[in-house]
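What follows is a set of notes on a single structure, which appears directly below.
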Amino acid sequence: MEKTVYIDSLEELDRFTKKLSKCLKGDEVILLKGNLAAGKTTFTRYLVKNIDKSLEDEVNSPTFTVMNQYDTEKFPVFHIDLYRVKDFDFYDFLGEGVIIIEWATEELFEELEDIPVLFIEIETVENKRIFKIKSKNADYLLECLEK
Ligand SMILES: Nc1ncnc2c1ncn2[C@@H]1O[C@H](COP(=O)(O)OP(=O)(O)OP(=O)(O)O)[C@@H](O)[C@H]1O
Ligand SMILES: [Mg+2]
């Protein structure tokens, strides 16, 4: 399934990630593709905040750490950045929490099997963002977002 979402402001991003946070079961992989400063870390920050308000200020770019872990009250979130390390082995974490990967590729989306995956391609047009979303084993997520 596919879905396009228009995000015109941080308020809109807040609304969208709040909705998504309620749809997640806790074992999904969210792949983020987008240019420098497209908003990959900001998306992650808002999503984690909406899963657990107390983690509002905890989310930072894992560019140097490669992976940050946020222990939300619901499930762990593993936040990975493939900008510098292209072949980081996150397979041990599959199913153990929500995995969010910045600088993901379409090939990675194709490779992942037997796990719910969202592929979000972020395009920027002036100050606005267009999220082009594809799902694999995760149509329930896109259906949930429609509600
Ligand atoms: N939906 C949005 N609406 C308005 N501003 C946004 C939105 N998303 C991100 N921004 C702004 O864009 C800038 C870059 O965002 P961010 O660091 O999240 O991008 P990134 O894709 O993670 O960058 P990098 O490629 O360095 O990892 C920040 O100043 C952020 O506040
Ligand atoms: Mg980033």
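To be explicit about the labels: the chains of the structure tokens are called A, B, and onward in the order shown, and within each one the residues are counted from 1, while ligands get numbers from 1 in the order they are shown.
Near A:Phe109, within 10 Å and counting only C-alpha atoms, sit Val29, Ile30, Leu31, Val117, Leu118, Phe119, Lys134, Ser135 and Lys136 of chain A, not including residues fewer than 6 positions from it in the same chain.
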Please produce a file of those selected residues containing N, CA and C atoms, as a short mmCIF file (atom, residue, chain, number, x, y, z; two decimals), in the first residue's frame.
```
data_model
loop_
_atom_site.label_atom_id
_atom_site.label_comp_id
_atom_site.auth_asym_id
_atom_site.auth_seq_id
_atom_site.Cartn_x
_atom_site.Cartn_y
_atom_site.Cartn_z
N VAL A 29 9.60 -1.49 11.58
CA VAL A 29 10.79 -0.78 11.09
C VAL A 29 10.29 0.41 10.27
N ILE A 30 10.82 1.60 10.56
CA ILE A 30 10.46 2.79 9.79
C ILE A 30 11.71 3.29 9.10
N LEU A 31 11.71 3.20 7.78
CA LEU A 31 12.87 3.62 6.99
C LEU A 31 12.64 5.04 6.50
N VAL A 117 7.17 -3.04 7.81
CA VAL A 117 8.08 -1.96 7.44
C VAL A 117 7.32 -0.81 6.78
N LEU A 118 7.68 0.41 7.18
CA LEU A 118 7.22 1.60 6.46
C LEU A 118 8.44 2.24 5.82
N PHE A 119 8.30 2.63 4.58
CA PHE A 119 9.35 3.37 3.89
C PHE A 119 8.82 4.77 3.65
N LYS A 134 5.36 3.99 1.77
CA LYS A 134 5.03 2.65 1.27
C LYS A 134 5.06 1.69 2.45
N SER A 135 4.22 0.68 2.42
CA SER A 135 4.25 -0.28 3.52
C SER A 135 4.51 -1.69 2.99
N LYS A 136 5.05 -2.50 3.87
CA LYS A 136 5.28 -3.92 3.57
C LYS A 136 4.95 -4.68 4.85
#
```
List every residue of chain A that has an atom at most 7 Å from any atom of ligand 1, giving for each one its closest atom pair and the distance in Å to one decimal, counting only C-alpha atoms and all ligand atoms, sorted by chain and then by ascending residue number, as a Markdown table.
```
| residue | atom | partner | partner_atom_place_in_ligand_line | distance |
| --- | --- | --- | --- | --- |
| A:Ile7 | CA | ligand 1 | 1 (N) | 5.7 |
| A:Asp8 | CA | ligand 1 | 3 (N) | 6.2 |
| A:Ser9 | CA | ligand 1 | 3 (N) | 4.2 |
| A:Leu10 | CA | ligand 1 | 3 (N) | 4.3 |
| A:Leu13 | CA | ligand 1 | 1 (N) | 5.3 |
| A:Gly34 | CA | ligand 1 | 21 (O) | 6.1 |
| A:Asn35 | CA | ligand 1 | 25 (O) | 5.7 |
| A:Leu36 | CA | ligand 1 | 25 (O) | 3.3 |
| A:Ala37 | CA | ligand 1 | 19 (O) | 3.3 |
| A:Ala38 | CA | ligand 1 | 21 (O) | 3.9 |
| A:Gly39 | CA | ligand 1 | 18 (O) | 3.3 |
| A:Lys40 | CA | ligand 1 | 21 (O) | 3.7 |
| A:Thr41 | CA | ligand 1 | 22 (O) | 3.6 |
| A:Thr42 | CA | ligand 1 | 18 (O) | 3.6 |
| A:Phe43 | CA | ligand 1 | 18 (O) | 6.4 |
| A:Ser61 | CA | ligand 1 | 27 (O) | 6.6 |
| A:Glu102 | CA | ligand 1 | 27 (O) | 6.8 |
| A:Asn127 | CA | ligand 1 | 4 (C) | 6.3 |
| A:Lys128 | CA | ligand 1 | 3 (N) | 6.3 |
| A:Arg129 | CA | ligand 1 | 1 (N) | 5.9 |
```
Going by DSSP on the backbone, which bits of stretch 12-84 of chain A are helix (DSSP H, G or I)? Write them as an NGL selection string, please. :A and (12-23 or 40-51 or 53-55)
Polymer residues at most 12 Å from A:Leu142, only C-alpha atoms, same-chain spacing of 2 or more positions, as a list in words: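 Here the answer would be Met1, Glu2, Lys3, Thr4, Val5, Phe16, Lys19, Leu20, Lys22, Cys23, Leu24, Pro116, Val117, Leu118, Phe119, Ile120, Lys132, Ile133, Lys134, Ser135, Lys136, Asn137, Ala138, Asp139, Tyr140, Cys144, Leu145, Glu146 and Lys147 of chain A.
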